[in-house]
Amino acid sequence: MQQQAERFGAQTVLAEVTAVNLTGTEKEVITTDGTFTGKTVVIATGADPRELGLPEEKSLVGRGVNYCAACDGMRYRGKTVAVIGGGNTAVADALQLSRIAKKVILVHRRDTLRATNVYHAPLQRTPNIEFRWNSEVVQLLSDGKFTGIKLCDRKTGEESVLDCDGVFVSIGRAPITQLFAGQLSLDESGYIIAGESTETSIPGVFAVGDVRTKVLRQVVTAVSDGALAAHYAEEYLASV
């Protein structure tokens, strides 16, 4: 895709963006490789998975700790995995993993799921999904390799160890929008407010992919956003 874009005149610069000034007619993007200006900017910074925040977490990423069932699920064929969360993402991950793993244990802080009702019946029909209600992960366990998680019962305070081969953290995502706070309108979760046209609160600035407010965050919708942003950016340029 990069080569195709460059064939039509696009330039690629590998640099870190450190600041932006989007409010003027000429937008400024300040990077470690200099400042770039343009009449339009398309923001595609995406969103990072939310972490548990435990001290052992970063060192175990890819070694038992995972954030994407579609990406890493096949590594756990015939094994036991835990899924942390109770929303739509966690339940969808648990159902997907149930077709791969021997056993899936869904760990949730509350005694009921936050996931929409459409997921409840499939969960009940899936024999290899178990539940740990009112449970919070307080420690990731390893002895050179990942061995399981330590849980704390939020009602009784009792701690227990859950042996498993891997854990999938499915507690949501955090949009990468720190650079744009104070300039662009963000929703209560920090996503850039932009409709299906991808236009933001500032004329000439567009947001595409996981970083913008939208119902479904998948590759196919991000690609669609990119096509729309290119179309509306061209319209904007023709009008200024």
# chains A, B, ... in the order shown; residues from 1 in each chain; ligands from 1

$ residues_around --residues "Leu52 (chain A)" --least-positions-apart "5" --cutoff "9 Å" --atoms "only C-alpha atoms" --output "ChimeraX atom specification"
/A:57,137-138,169,171

$ select_by_dssp --residues "region 116-230 of chain A" --states "strand (DSSP E)" --output "compact mmCIF listing (two decimals) with N, CA and C atoms, in the first residue's frame"
# COMPACT_ATOMS: atom_id res chain seq x y z
N ILE A 129 -16.75 -22.39 28.24
CA ILE A 129 -16.56 -21.07 28.85
C ILE A 129 -17.04 -21.13 30.30
N GLU A 130 -16.15 -20.74 31.21
CA GLU A 130 -16.49 -20.65 32.63
C GLU A 130 -16.42 -19.19 33.06
N PHE A 131 -16.97 -18.88 34.24
CA PHE A 131 -17.01 -17.51 34.72
C PHE A 131 -16.38 -17.41 36.11
N ARG A 132 -15.69 -16.32 36.35
CA ARG A 132 -15.22 -15.94 37.68
C ARG A 132 -15.79 -14.55 37.95
N SER A 135 -14.42 -10.78 40.51
CA SER A 135 -13.01 -11.11 40.66
C SER A 135 -12.13 -10.08 39.96
N GLU A 136 -11.08 -9.69 40.64
CA GLU A 136 -10.13 -8.71 40.10
C GLU A 136 -8.74 -9.34 40.05
N VAL A 137 -8.04 -9.14 38.94
CA VAL A 137 -6.68 -9.66 38.82
C VAL A 137 -5.74 -8.76 39.61
N VAL A 138 -5.03 -9.34 40.57
CA VAL A 138 -4.12 -8.55 41.40
C VAL A 138 -2.66 -8.90 41.13
N GLN A 139 -2.41 -10.01 40.43
CA GLN A 139 -1.02 -10.38 40.13
C GLN A 139 -0.99 -11.32 38.95
N LEU A 140 0.03 -11.13 38.09
CA LEU A 140 0.31 -12.05 37.00
C LEU A 140 1.44 -12.95 37.46
N LEU A 141 1.25 -14.25 37.34
CA LEU A 141 2.19 -15.21 37.92
C LEU A 141 3.10 -15.80 36.84
N SER A 142 4.36 -15.97 37.19
CA SER A 142 5.32 -16.58 36.26
C SER A 142 6.49 -17.14 37.04
N PHE A 146 4.87 -17.60 31.88
CA PHE A 146 3.57 -17.30 32.46
C PHE A 146 2.90 -18.57 32.96
N THR A 147 2.36 -18.52 34.18
CA THR A 147 1.71 -19.71 34.75
C THR A 147 0.26 -19.48 35.16
N GLY A 148 -0.15 -18.24 35.32
CA GLY A 148 -1.52 -17.99 35.72
C GLY A 148 -1.71 -16.62 36.31
N ILE A 149 -2.84 -16.42 36.98
CA ILE A 149 -3.15 -15.13 37.57
C ILE A 149 -3.66 -15.31 39.00
N LYS A 150 -3.41 -14.31 39.84
CA LYS A 150 -3.96 -14.31 41.18
C LYS A 150 -5.17 -13.39 41.19
N LEU A 151 -6.29 -13.90 41.72
CA LEU A 151 -7.54 -13.16 41.76
C LEU A 151 -7.90 -12.79 43.19
N CYS A 152 -8.60 -11.66 43.31
CA CYS A 152 -9.14 -11.25 44.60
C CYS A 152 -10.64 -11.10 44.48
N ASP A 153 -11.37 -11.78 45.34
CA ASP A 153 -12.83 -11.66 45.36
C ASP A 153 -13.20 -10.29 45.92
N GLU A 159 -8.30 -14.33 48.27
CA GLU A 159 -7.46 -14.45 47.09
C GLU A 159 -7.36 -15.90 46.64
N SER A 160 -7.24 -16.11 45.34
CA SER A 160 -7.11 -17.46 44.79
C SER A 160 -6.23 -17.40 43.56
N VAL A 161 -5.67 -18.54 43.19
CA VAL A 161 -4.80 -18.64 42.02
C VAL A 161 -5.54 -19.38 40.92
N LEU A 162 -5.52 -18.81 39.73
CA LEU A 162 -6.13 -19.43 38.56
C LEU A 162 -5.02 -19.82 37.60
N ASP A 163 -4.79 -21.13 37.47
CA ASP A 163 -3.77 -21.62 36.54
C ASP A 163 -4.29 -21.53 35.11
N GLY A 166 -2.50 -18.61 29.27
CA GLY A 166 -2.42 -17.25 28.75
C GLY A 166 -3.60 -16.44 29.24
N VAL A 167 -3.46 -15.12 29.18
CA VAL A 167 -4.53 -14.22 29.58
C VAL A 167 -4.71 -13.16 28.49
N PHE A 168 -5.98 -12.87 28.19
CA PHE A 168 -6.32 -11.84 27.22
C PHE A 168 -6.99 -10.69 27.95
N VAL A 169 -6.36 -9.53 27.92
CA VAL A 169 -6.88 -8.34 28.60
C VAL A 169 -7.82 -7.62 27.63
N ARG A 173 -10.11 0.17 25.00
CA ARG A 173 -8.97 0.79 24.35
C ARG A 173 -8.92 2.27 24.71
N ALA A 174 -7.73 2.85 24.63
CA ALA A 174 -7.54 4.27 24.92
C ALA A 174 -7.08 4.98 23.65
N PRO A 175 -7.86 5.93 23.15
CA PRO A 175 -7.47 6.62 21.92
C PRO A 175 -6.20 7.45 22.11
N VAL A 205 -9.42 19.41 8.97
CA VAL A 205 -8.82 18.35 9.78
C VAL A 205 -9.78 17.17 9.84
N PHE A 206 -9.28 15.99 9.53
CA PHE A 206 -10.10 14.79 9.43
C PHE A 206 -9.52 13.71 10.34
N ALA A 207 -10.39 12.85 10.87
CA ALA A 207 -9.95 11.77 11.75
C ALA A 207 -10.46 10.44 11.20

$ select_by_dssp --residues "region 80-236 of chain A" --states "alpha helix (DSSP H)" --output "VMD selection string"
chain A and resid 88 to 98 120 to 125 219 to 236

$ residues_around --residues "Lys102 (chain A)" --least-positions-apart "2" --cutoff "10 Å" --atoms "only C-alpha atoms" --output "list in words"
Tyr76, Arg77, Gly78, Lys79, Thr80, Val81, Leu97, Ser98, Arg99, Ile100, Val104, Asn128 and Ile129 of chain A

$ closest_residue --among "A:Val65, A:Ile193, A:Ile176, A:Val223" --to "Thr45 (chain A)" --atoms "only C-alpha atoms"
A:Ile176

$ residues_around --residues "Gly86 (chain A)" --least-positions-apart "3" --cutoff "12 Å" --atoms "only C-alpha atoms" --output "PyMOL selection string"
chain A and resi 83+89-94+105-116+119-120+123+131-136+169-172

$ write_last_selection --atoms "C-alpha atoms" --output "mmCIF file, in the first residue's frame"
data_model
loop_
_atom_site.group_PDB
_atom_site.id
_atom_site.type_symbol
_atom_site.label_atom_id
_atom_site.label_comp_id
_atom_site.auth_asym_id
_atom_site.auth_seq_id
_atom_site.Cartn_x
_atom_site.Cartn_y
_atom_site.Cartn_z
ATOM 1 C CA VAL A 83 -10.240 -13.323 29.386
ATOM 2 C CA THR A 89 -15.085 -6.871 23.468
ATOM 3 C CA ALA A 90 -14.360 -9.328 26.279
ATOM 4 C CA VAL A 91 -17.370 -11.505 25.479
ATOM 5 C CA ALA A 92 -16.623 -11.520 21.752
ATOM 6 C CA ASP A 93 -13.016 -12.486 22.534
ATOM 7 C CA ALA A 94 -14.179 -15.279 24.845
ATOM 8 C CA ILE A 105 -12.391 -18.514 31.816
ATOM 9 C CA LEU A 106 -14.067 -15.099 31.730
ATOM 10 C CA VAL A 107 -12.989 -12.979 34.699
ATOM 11 C CA HIS A 108 -15.175 -9.985 35.551
ATOM 12 C CA ARG A 109 -15.114 -7.459 38.412
ATOM 13 C CA ARG A 110 -18.905 -7.506 38.756
ATOM 14 C CA ASP A 111 -21.577 -10.201 39.072
ATOM 15 C CA THR A 112 -23.239 -9.379 35.730
ATOM 16 C CA LEU A 113 -21.876 -8.679 32.284
ATOM 17 C CA ARG A 114 -21.917 -5.215 30.737
ATOM 18 C CA ALA A 115 -22.083 -6.822 27.292
ATOM 19 C CA THR A 116 -25.281 -6.389 25.287
ATOM 20 C CA TYR A 119 -24.075 -12.121 23.492
ATOM 21 C CA HIS A 120 -25.702 -13.770 26.518
ATOM 22 C CA LEU A 123 -22.236 -17.637 26.076
ATOM 23 C CA PHE A 131 -17.012 -17.510 34.720
ATOM 24 C CA ARG A 132 -15.225 -15.940 37.676
ATOM 25 C CA TRP A 133 -17.585 -13.267 38.979
ATOM 26 C CA ASN A 134 -16.657 -10.392 41.320
ATOM 27 C CA SER A 135 -13.008 -11.113 40.659
ATOM 28 C CA GLU A 136 -10.129 -8.714 40.103
ATOM 29 C CA VAL A 169 -6.883 -8.344 28.597
ATOM 30 C CA SER A 170 -10.131 -7.060 27.061
ATOM 31 C CA ILE A 171 -11.013 -3.998 29.108
ATOM 32 C CA GLY A 172 -11.276 -1.485 26.291
#

$ residues_around --residues "Ala227 (chain A)" --least-positions-apart "4" --cutoff "12 Å" --atoms "only C-alpha atoms" --output "mmCIF file with C-alpha atoms, in the first residue's frame"
data_model
loop_
_atom_site.group_PDB
_atom_site.id
_atom_site.type_symbol
_atom_site.label_atom_id
_atom_site.label_comp_id
_atom_site.auth_asym_id
_atom_site.auth_seq_id
_atom_site.Cartn_x
_atom_site.Cartn_y
_atom_site.Cartn_z
ATOM 1 C CA VAL A 42 -5.746 13.511 8.361
ATOM 2 C CA GLU A 196 -19.111 9.428 8.799
ATOM 3 C CA SER A 197 -17.573 12.201 6.688
ATOM 4 C CA THR A 198 -14.531 12.002 9.061
ATOM 5 C CA PHE A 206 -10.104 14.786 9.428
ATOM 6 C CA ALA A 207 -9.951 11.766 11.750
ATOM 7 C CA VAL A 208 -9.950 8.178 10.497
ATOM 8 C CA GLY A 209 -9.868 4.717 12.015
ATOM 9 C CA VAL A 220 -12.462 -2.556 7.037
ATOM 10 C CA THR A 221 -14.071 0.531 8.616
ATOM 11 C CA ALA A 222 -10.690 2.247 8.999
ATOM 12 C CA VAL A 223 -9.959 1.738 5.293
ATOM 13 C CA HIS A 231 -12.581 12.631 -0.814
ATOM 14 C CA TYR A 232 -13.598 15.338 1.667
ATOM 15 C CA ALA A 233 -10.043 16.698 1.931
ATOM 16 C CA GLU A 234 -10.063 17.143 -1.852
#

$ atom_distance --atom1 "CA of Asp225 (chain A)" --atom2 "CA of Ala238 (chain A)"
19.9 Å

$ residues_around --residues "Leu186 (chain A)" --least-positions-apart "6" --cutoff "9 Å" --atoms "only C-alpha atoms" --output "VMD selection string"
chain A and resid 177 180 192 to 194 212 to 213

$ write_last_selection --atoms "C-alpha atoms" --output "mmCIF file, in the first residue's frame"
data_model
loop_
_atom_site.group_PDB
_atom_site.id
_atom_site.type_symbol
_atom_site.label_atom_id
_atom_site.label_comp_id
_atom_site.auth_asym_id
_atom_site.auth_seq_id
_atom_site.Cartn_x
_atom_site.Cartn_y
_atom_site.Cartn_z
ATOM 1 C CA THR A 177 -5.356 11.865 21.192
ATOM 2 C CA PHE A 180 -5.016 17.151 20.017
ATOM 3 C CA ILE A 192 -12.062 12.624 18.306
ATOM 4 C CA ILE A 193 -15.619 13.646 17.491
ATOM 5 C CA ALA A 194 -16.040 13.063 13.752
ATOM 6 C CA ARG A 212 -12.605 8.753 15.935
ATOM 7 C CA THR A 213 -16.066 8.254 17.392
#

$ closest_atom_pairs --of "region 22-124 of chain A" --to "region 9-15 of chain A" --cutoff "10 Å" --atoms "only C-alpha atoms" --output "CSV"
residue,atom,partner,partner_atom,distance
A:Ile30,CA,A:Ala15,CA,9.7
A:Thr31,CA,A:Ala15,CA,6.2
A:Thr32,CA,A:Ala15,CA,5.7
A:Asp33,CA,A:Ala15,CA,5.8
A:Gly34,CA,A:Ala15,CA,8.8

$ write_last_selection --atoms "C-alpha atoms" --output "PDB file, in the first residue's frame"
ATOM      1  CA  ILE A  30       5.935  19.502  14.414  1.00  0.00           C
ATOM      2  CA  THR A  31       8.049  16.344  14.333  1.00  0.00           C
ATOM      3  CA  THR A  32      11.498  15.074  15.232  1.00  0.00           C
ATOM      4  CA  ASP A  33      12.346  15.520  11.549  1.00  0.00           C
ATOM      5  CA  GLY A  34      11.168  19.101  11.197  1.00  0.00           C
TER       6      GLY A  34
END

$ closest_residue --among "A:Ala101, A:Asp48, A:Arg7, A:Thr40" --to "Ala229 (chain A)" --atoms "only C-alpha atoms"
A:Thr40
